[in-house]
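File shown: target.cif. Contents: mmCIF, C-alpha atoms and all ligand atoms.
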```cif
data_coords
#
loop_
_atom_site.label_atom_id
_atom_site.label_comp_id
_atom_site.auth_asym_id
_atom_site.auth_seq_id
_atom_site.Cartn_x
_atom_site.Cartn_y
_atom_site.Cartn_z
CA MET A 1 -12.12 18.49 2.95
CA LEU A 2 -11.54 16.31 5.96
CA THR A 3 -12.98 17.46 9.26
CA GLN A 4 -10.71 18.15 12.22
CA ALA A 5 -12.22 15.06 13.88
CA GLN A 6 -11.07 12.90 10.93
CA ILE A 7 -7.57 14.38 11.06
CA ASP A 8 -7.45 13.85 14.83
CA HIS A 9 -8.59 10.23 14.37
CA TYR A 10 -5.74 9.60 11.93
CA ARG A 11 -3.16 11.19 14.24
CA GLU A 12 -4.43 9.26 17.27
CA HIS A 13 -5.08 5.85 15.69
CA GLY A 14 -2.84 5.82 12.60
CA TYR A 15 -5.68 5.08 10.17
CA LEU A 16 -8.86 6.60 8.77
CA LEU A 17 -11.68 5.14 6.70
CA ILE A 18 -13.33 7.74 4.45
CA GLU A 19 -16.66 6.60 3.13
CA GLY A 20 -17.96 7.33 -0.37
CA VAL A 21 -14.89 9.10 -1.79
CA PHE A 22 -15.85 7.62 -5.14
CA SER A 23 -19.41 6.87 -6.25
CA PRO A 24 -20.61 3.28 -6.72
CA ALA A 25 -20.65 3.89 -10.51
CA GLU A 26 -17.03 5.11 -10.48
CA ALA A 27 -15.97 2.17 -8.32
CA ALA A 28 -17.68 -0.23 -10.74
CA ARG A 29 -15.76 1.33 -13.64
CA PHE A 30 -12.45 1.02 -11.76
CA ARG A 31 -13.32 -2.59 -10.92
CA HIS A 32 -14.03 -3.43 -14.55
CA GLU A 33 -10.75 -1.81 -15.61
CA ALA A 34 -8.84 -3.66 -12.87
CA HIS A 35 -10.19 -7.10 -13.74
CA ALA A 36 -9.58 -6.52 -17.47
CA LEU A 37 -5.98 -5.52 -16.65
CA ILE A 38 -5.34 -8.63 -14.57
CA GLU A 39 -6.83 -10.79 -17.35
CA ARG A 40 -4.45 -9.18 -19.89
CA LEU A 41 -1.48 -9.78 -17.60
CA GLN A 42 -2.48 -13.37 -16.91
CA ARG A 43 -2.31 -14.09 -20.63
CA GLU A 44 1.38 -13.13 -20.46
CA HIS A 45 2.57 -14.43 -17.08
CA ALA A 46 1.55 -15.58 -13.61
CA VAL A 47 0.38 -12.73 -11.38
CA ASP A 48 0.13 -14.44 -8.00
CA ALA A 49 1.74 -12.43 -5.20
CA THR A 50 0.92 -14.44 -2.09
CA TRP A 51 3.52 -13.97 0.64
CA ASP A 52 5.21 -17.22 1.69
CA SER A 53 4.36 -16.33 5.29
CA ALA A 54 0.64 -16.30 4.37
CA ARG A 55 0.92 -20.09 4.46
CA ALA A 56 1.28 -19.83 8.23
CA VAL A 57 -2.05 -17.99 8.42
CA THR A 58 -4.01 -20.59 6.45
CA MET A 59 -3.38 -24.16 5.30
CA ALA A 60 -5.67 -23.59 2.31
CA LYS A 61 -4.12 -22.98 -1.11
CA THR A 62 -4.83 -19.34 -1.67
CA SER A 63 -3.94 -16.81 -4.35
CA LEU A 64 -3.59 -13.06 -4.73
CA LEU A 65 -3.68 -11.51 -8.20
CA HIS A 66 -1.68 -8.34 -8.45
CA CYS A 67 -0.22 -5.62 -10.67
CA HIS A 68 2.36 -3.07 -9.53
CA ASN A 69 2.27 0.48 -10.89
CA VAL A 70 -0.99 0.47 -12.76
CA GLN A 71 -0.26 3.88 -14.33
CA PHE A 72 1.70 2.06 -17.03
CA HIS A 73 -1.35 -0.03 -17.91
CA SER A 74 -4.43 2.14 -17.53
CA ALA A 75 -5.06 5.87 -17.97
CA LEU A 76 -8.24 5.56 -15.91
CA LEU A 77 -6.34 4.17 -12.92
CA CYS A 78 -3.58 6.74 -13.49
CA ARG A 79 -6.17 9.54 -13.25
CA LEU A 80 -7.59 7.95 -10.13
CA MET A 81 -4.26 8.46 -8.35
CA THR A 82 -4.27 12.18 -9.10
CA ASP A 83 -7.95 12.65 -8.24
CA GLU A 84 -8.26 15.57 -5.82
CA ARG A 85 -10.82 13.78 -3.71
CA LEU A 86 -8.01 11.36 -2.84
CA THR A 87 -4.94 13.58 -2.87
CA ASP A 88 -6.52 16.48 -0.95
CA ALA A 89 -7.28 14.12 1.93
CA VAL A 90 -3.75 12.72 1.83
CA ALA A 91 -2.27 16.23 1.83
CA GLN A 92 -4.29 17.12 4.90
CA LEU A 93 -3.21 13.99 6.75
CA ILE A 94 0.51 14.24 6.01
CA GLY A 95 0.48 18.01 6.44
CA THR A 96 1.97 19.13 3.12
CA PRO A 97 0.42 20.51 -0.08
CA ASN A 98 2.70 18.20 -2.08
CA VAL A 99 1.98 14.52 -2.52
CA GLN A 100 4.37 12.21 -4.34
CA LEU A 101 3.85 8.65 -5.54
CA HIS A 102 6.06 5.94 -4.06
CA HIS A 103 4.37 2.93 -5.70
CA ASN A 104 0.97 1.32 -6.08
CA LYS A 105 -0.47 -2.19 -6.13
CA LEU A 106 -3.68 -3.51 -7.57
CA PHE A 107 -4.89 -6.57 -5.66
CA ILE A 108 -7.64 -9.01 -6.48
CA LYS A 109 -8.34 -11.51 -3.72
CA PRO A 110 -10.22 -14.20 -5.66
CA PRO A 111 -13.45 -15.66 -4.23
CA GLU A 112 -13.05 -18.37 -1.56
CA THR A 113 -9.26 -18.52 -1.92
CA GLY A 114 -8.02 -14.91 -1.66
CA SER A 115 -4.70 -14.85 0.21
CA PRO A 116 -4.25 -13.25 3.62
CA PHE A 117 -1.52 -10.78 4.62
CA PRO A 118 0.21 -11.51 7.96
CA MET A 119 0.39 -8.53 10.30
CA HIS A 120 3.20 -6.12 9.45
CA GLN A 121 4.27 -2.50 9.15
CA ASP A 122 5.17 -1.21 5.68
CA GLN A 123 8.03 0.88 7.09
CA PRO A 124 10.70 -1.89 7.04
CA PHE A 125 10.17 -2.30 3.29
CA PHE A 126 10.92 1.35 2.45
CA PRO A 127 12.01 3.42 5.48
CA HIS A 128 11.99 7.22 5.15
CA ASP A 129 13.52 9.93 7.33
CA ASN A 130 10.27 11.71 8.30
CA ASP A 131 7.74 8.85 8.22
CA THR A 132 5.22 10.74 6.06
CA MET A 133 4.48 7.62 3.96
CA ILE A 134 0.79 6.82 3.87
CA ALA A 135 -1.16 4.06 2.13
CA ALA A 136 -4.54 4.76 0.56
CA VAL A 137 -6.58 1.65 -0.23
CA VAL A 138 -9.30 2.46 -2.74
CA HIS A 139 -12.05 -0.15 -2.62
CA PHE A 140 -13.42 -1.08 -6.04
CA ASP A 141 -16.01 -3.45 -4.52
CA ASP A 142 -17.39 -4.10 -1.05
CA ALA A 143 -14.88 -5.55 1.41
CA PRO A 144 -16.72 -7.03 4.40
CA LEU A 145 -14.86 -9.15 6.95
CA GLU A 146 -15.50 -12.42 5.07
CA LYS A 147 -13.81 -10.99 1.97
CA GLY A 148 -10.59 -10.47 3.91
CA CYS A 149 -10.87 -6.75 4.58
CA ILE A 150 -7.85 -4.95 6.02
CA ARG A 151 -7.33 -5.06 9.79
CA VAL A 152 -5.28 -2.54 11.77
CA VAL A 153 -3.82 -2.16 15.25
CA PRO A 154 -4.98 1.32 16.31
CA GLY A 155 -2.22 3.50 17.75
CA SER A 156 0.56 1.10 16.68
CA HIS A 157 2.11 3.85 14.50
CA ARG A 158 3.12 5.64 17.69
CA ARG A 159 5.41 2.74 18.65
CA GLY A 160 7.77 3.51 15.77
CA PRO A 161 9.44 0.72 13.81
CA ILE A 162 8.90 -2.72 15.39
CA PRO A 163 11.35 -5.62 14.73
CA HIS A 164 9.97 -7.92 12.02
CA VAL A 165 10.58 -11.56 11.14
CA ALA A 166 12.18 -11.89 7.71
CA ASP A 167 11.21 -15.51 7.16
CA GLY A 168 8.72 -15.97 4.31
CA GLY A 169 7.94 -12.28 3.84
CA TRP A 170 8.65 -9.48 6.29
CA HIS A 171 6.00 -9.82 9.03
CA LEU A 172 5.43 -9.58 12.78
CA PRO A 173 5.58 -12.65 15.07
CA PHE A 174 2.28 -14.52 14.70
CA ASP A 175 1.94 -15.21 18.44
CA GLN A 176 2.30 -11.53 19.38
CA TYR A 177 0.26 -10.15 16.48
CA PRO A 178 -2.57 -12.58 15.63
CA LEU A 179 -4.70 -11.33 12.77
CA GLU A 180 -7.90 -11.87 14.77
CA SER A 181 -6.81 -9.43 17.48
CA ALA A 182 -6.64 -6.49 15.05
CA VAL A 183 -9.55 -4.15 14.33
CA ALA A 184 -11.34 -5.05 11.09
CA CYS A 185 -12.00 -2.17 8.66
CA PRO A 186 -14.88 -3.38 6.48
CA ALA A 187 -15.46 -1.03 3.57
CA SER A 188 -17.88 -0.45 0.72
CA ALA A 189 -17.13 0.15 -2.95
CA GLY A 190 -15.81 3.72 -3.30
CA ASP A 191 -14.49 3.96 0.28
CA VAL A 192 -10.83 4.76 0.93
CA LEU A 193 -8.87 3.41 3.90
CA LEU A 194 -5.77 5.42 4.80
CA PHE A 195 -3.01 4.28 7.16
CA SER A 196 0.52 5.25 8.06
CA TYR A 197 3.39 2.98 6.98
CA LEU A 198 4.05 2.54 10.71
CA THR A 199 0.53 1.26 11.44
CA VAL A 200 0.49 -2.50 12.01
CA HIS A 201 -1.95 -4.09 9.58
CA GLY A 202 -2.82 -7.28 7.74
CA SER A 203 -5.87 -9.01 6.28
CA GLY A 204 -7.59 -12.39 6.30
CA VAL A 205 -8.55 -14.91 3.65
CA ASN A 206 -11.36 -14.04 1.26
CA THR A 207 -13.81 -16.85 2.08
CA SER A 208 -16.76 -15.20 0.32
CA ASP A 209 -18.05 -16.03 -3.15
CA GLU A 210 -16.96 -12.65 -4.61
CA ALA A 211 -13.56 -11.17 -5.42
CA ARG A 212 -12.15 -8.34 -3.30
CA THR A 213 -10.64 -5.69 -5.57
CA THR A 214 -8.50 -2.80 -4.24
CA LEU A 215 -5.83 -0.36 -5.37
CA LEU A 216 -3.25 0.46 -2.69
CA VAL A 217 -1.32 3.69 -3.35
CA GLN A 218 1.74 4.54 -1.24
CA MET A 219 2.41 8.30 -1.09
CA ARG A 220 4.80 10.64 0.69
CA ASP A 221 5.87 14.24 1.10
CA PRO A 222 8.50 14.71 -1.67
CA GLU A 223 10.80 16.31 0.93
CA ASP A 224 10.75 13.12 3.00
CA ARG A 225 13.90 11.32 1.87
CA PRO A 226 14.34 7.53 1.70
CA THR A 227 16.57 6.45 4.60
CA THR A 228 17.99 3.69 2.43
CA ASN A 229 17.78 3.32 -1.32
CA VAL A 230 15.49 0.34 -1.42
CA HIS A 231 12.19 -0.51 -3.08
CA LEU A 232 12.78 1.67 -6.13
CA SER A 233 10.44 1.31 -9.05
CA ARG A 234 9.66 2.85 -12.41
CA GLY A 235 7.31 5.79 -11.96
CA GLN A 236 8.36 6.46 -8.39
CA GLY A 237 8.46 10.19 -7.70
CA MET A 238 5.52 11.10 -9.93
CA MET A 239 3.73 14.11 -8.45
CA LEU A 240 0.10 13.40 -7.59
CA ARG A 241 -0.59 16.82 -6.04
CA GLY A 242 1.35 20.08 -5.89
CA ILE A 243 5.03 20.28 -6.77
CA ASP A 244 8.34 18.68 -5.86
CA PRO A 245 10.12 21.55 -4.03
CA THR A 246 13.42 19.62 -4.09
CA ALA A 247 13.43 19.87 -7.91
CA SER A 248 15.32 16.60 -7.99
CA ALA A 249 15.34 16.17 -11.76
CA GLY A 250 11.89 14.71 -12.14
CA SER A 251 12.02 11.10 -11.14
CA SER A 252 13.25 10.52 -7.61
CA VAL A 253 14.38 7.09 -8.76
CA GLU A 254 16.60 8.68 -11.39
CA TRP A 255 17.83 11.05 -8.68
CA GLN A 256 18.48 8.26 -6.19
CA LEU A 257 20.31 6.23 -8.78
CA SER A 258 22.61 9.05 -9.83
CA THR A 259 23.07 11.13 -6.66
CA PRO A 260 24.72 9.81 -3.48
CA ARG A 261 23.05 10.99 -0.28
CA ALA A 262 24.71 14.07 1.19
CA ALA A 263 25.65 12.40 4.47
CA GLY A 264 26.61 8.76 4.77
CA GLY A 265 24.71 7.84 1.62
CA ALA A 266 24.50 4.20 0.70
CA ALA A 267 25.50 3.24 -2.82
CA PRO A 268 22.42 3.48 -5.00
CA ALA A 269 20.96 0.05 -5.78
CA MET A 270 18.70 -0.52 -8.76
CA GLY A 271 15.55 -2.37 -7.86
CA GLY A 272 16.31 -2.04 -4.18
CA MET A 273 16.05 -5.76 -3.61
CA GLY A 274 19.52 -6.42 -2.23
CA GLY A 275 19.46 -4.95 1.29
CA PRO A 276 18.40 -6.69 4.48
CA MET A 277 15.24 -4.61 4.43
CA MET A 278 14.01 -6.59 1.46
CA MET A 279 15.16 -10.10 2.32
CA GLY A 280 12.40 -12.66 2.48
CA MET A 281 9.93 -10.29 0.88
CA GLY A 282 7.01 -11.90 -0.88
CA ALA A 283 6.22 -11.22 -4.50
CA ALA A 284 3.93 -8.32 -3.64
CA GLY A 285 6.52 -6.65 -1.45
CA SER A 286 4.68 -4.04 0.47
O1 LIG B 301 -4.70 -5.56 0.70
C1 LIG B 301 -4.55 -6.10 1.79
O2 LIG B 301 -5.35 -6.89 2.24
C2 LIG B 301 -3.33 -5.79 2.60
C3 LIG B 301 -2.21 -5.28 1.79
C4 LIG B 301 -0.98 -5.02 2.59
O3 LIG B 301 -0.96 -5.16 3.78
C5 LIG B 301 0.24 -4.58 1.94
O4 LIG B 301 0.31 -4.60 0.71
O5 LIG B 301 1.17 -4.18 2.66
#
```
What is this file in structure tokens?
Ligand SMILES: O=C(O)CCC(=O)C(=O)O
Amino acid sequence: MLTQAQIDHYREHGYLLIEGVFSPAEAARFRHEAHALIERLQREHAVDATWDSARAVTMAKTSLLHCHNVQFHSALLCRLMTDERLTDAVAQLIGTPNVQLHHNKLFIKPPETGSPFPMHQDQPFFPHDNDTMIAAVVHFDDAPLEKGCIRVVPGSHRRGPIPHVADGGWHLPFDQYPLESAVACPASAGDVLLFSYLTVHGSGVNTSDEARTTLLVQMRDPEDRPTTNVHLSRGQGMMLRGIDPTASAGSSVEWQLSTPRAAGGAAPAMGGMGGPMMMGMGAAGS
């Protein structure tokens, strides 16, 4: 259970770091699973997901190993997403008993060369009517500043959607939103950082001699409808806590693909990559 002070912090600042959600032993198991998964994928294809715009943050050649939607690769990581220690906190913060998966991303920022993320909001990538979308970053190992921990702009969620630059991956102008000006959120293995999809955030290069390993899970109230049918993916709509009161035939992707929106609905688009919201998006999307 979160305290009222934690809930108030999230509402005021748009983010919350919860320490020790998972034990060091659990985090170590997740980390082992994550690295084994990336190794399996790398045998099949390249898994770098560095945003083109990250090149403007650093001249160094960096890389970011990633896997979208880990539930199709690992039962352990699938169970992690439904763990009540995680989903109960999310339910409290978004104010609904029901928590639905939008998508998730496993990231490994390799030692010394782990790619940065320019400052951005996640909202432009997948806007929703009620803005309940929240990211939970589960830390599988320690993420001090030198490992490129996440940085946030406290209170930025209250500004609503901010115009982004599409060039090289949807991001905010570098001169107005320098990475260094944001508040660093260093975390330990087992900690979870939560932030709204309207909270401006980014992260620096991993210059340390250890990998930074995280799972980012994007979740929403199932009654919060996508404003545009973009950023669809297999597994979207899976219930992580409670029920889907809209009873929209299981997968919300299936529903979005087959059912036009009641008012002014855009034509459903598979993959969601065609609209202006997604132009210039890096391989990791958001
Ligand atoms: O993992 C990070 O360092 C940041 C990830 C991020 O900002 C994103 O995926 O939108």
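Minimum distance to ligand LIG 301 (chain B) across A:Phe126, A:Phe117, A:Trp170, A:Tyr177 (counting all atoms listed in the file) occurs at A:Phe117.
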- What do you get as a PyMOL selection string if you pick all residues at most 10 Å from ligand LIG 301 (chain B), counting all atoms listed in the file? chain A and resi 49+51+64+104-109+114-123+125+135+137-139+143+147-152+170-171+197+200-206+212-218+284-286
Quick one: residues within 8 Å of A:Ile38, all atoms listed in the file counted, chain neighbours fewer than 6 positions away excluded, as a PDB file with C-alpha atoms, in the frame of the given file?
```
ATOM      1  CA  VAL A  47       0.380 -12.730 -11.380  1.00  0.00           C
ATOM      2  CA  LEU A  65      -3.680 -11.510  -8.200  1.00  0.00           C
ATOM      3  CA  HIS A  66      -1.680  -8.340  -8.450  1.00  0.00           C
ATOM      4  CA  CYS A  67      -0.220  -5.620 -10.670  1.00  0.00           C
TER       5      CYS A  67
END
```
- Note on the structure: Using all atoms listed in the file, the shortest atom-to-atom distance to A:Ile18 among A:Leu86, A:Leu232, A:Leu179, A:Leu37 belongs to A:Leu86
- Message: Which residues are close to stretch 224-228 of chain A, i.e. within 6 Å by only C-alpha atoms, leaving aside same-chain residues fewer than 4 positions away? Reply as a VMD selection string.
- Response: chain A and resid 127 to 130
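Comparing A:Tyr10, A:Glu112, A:Asn229, A:Gly190 by their smallest distance to A:Thr62, the closest is A:Glu112 (using only C-alpha atoms).
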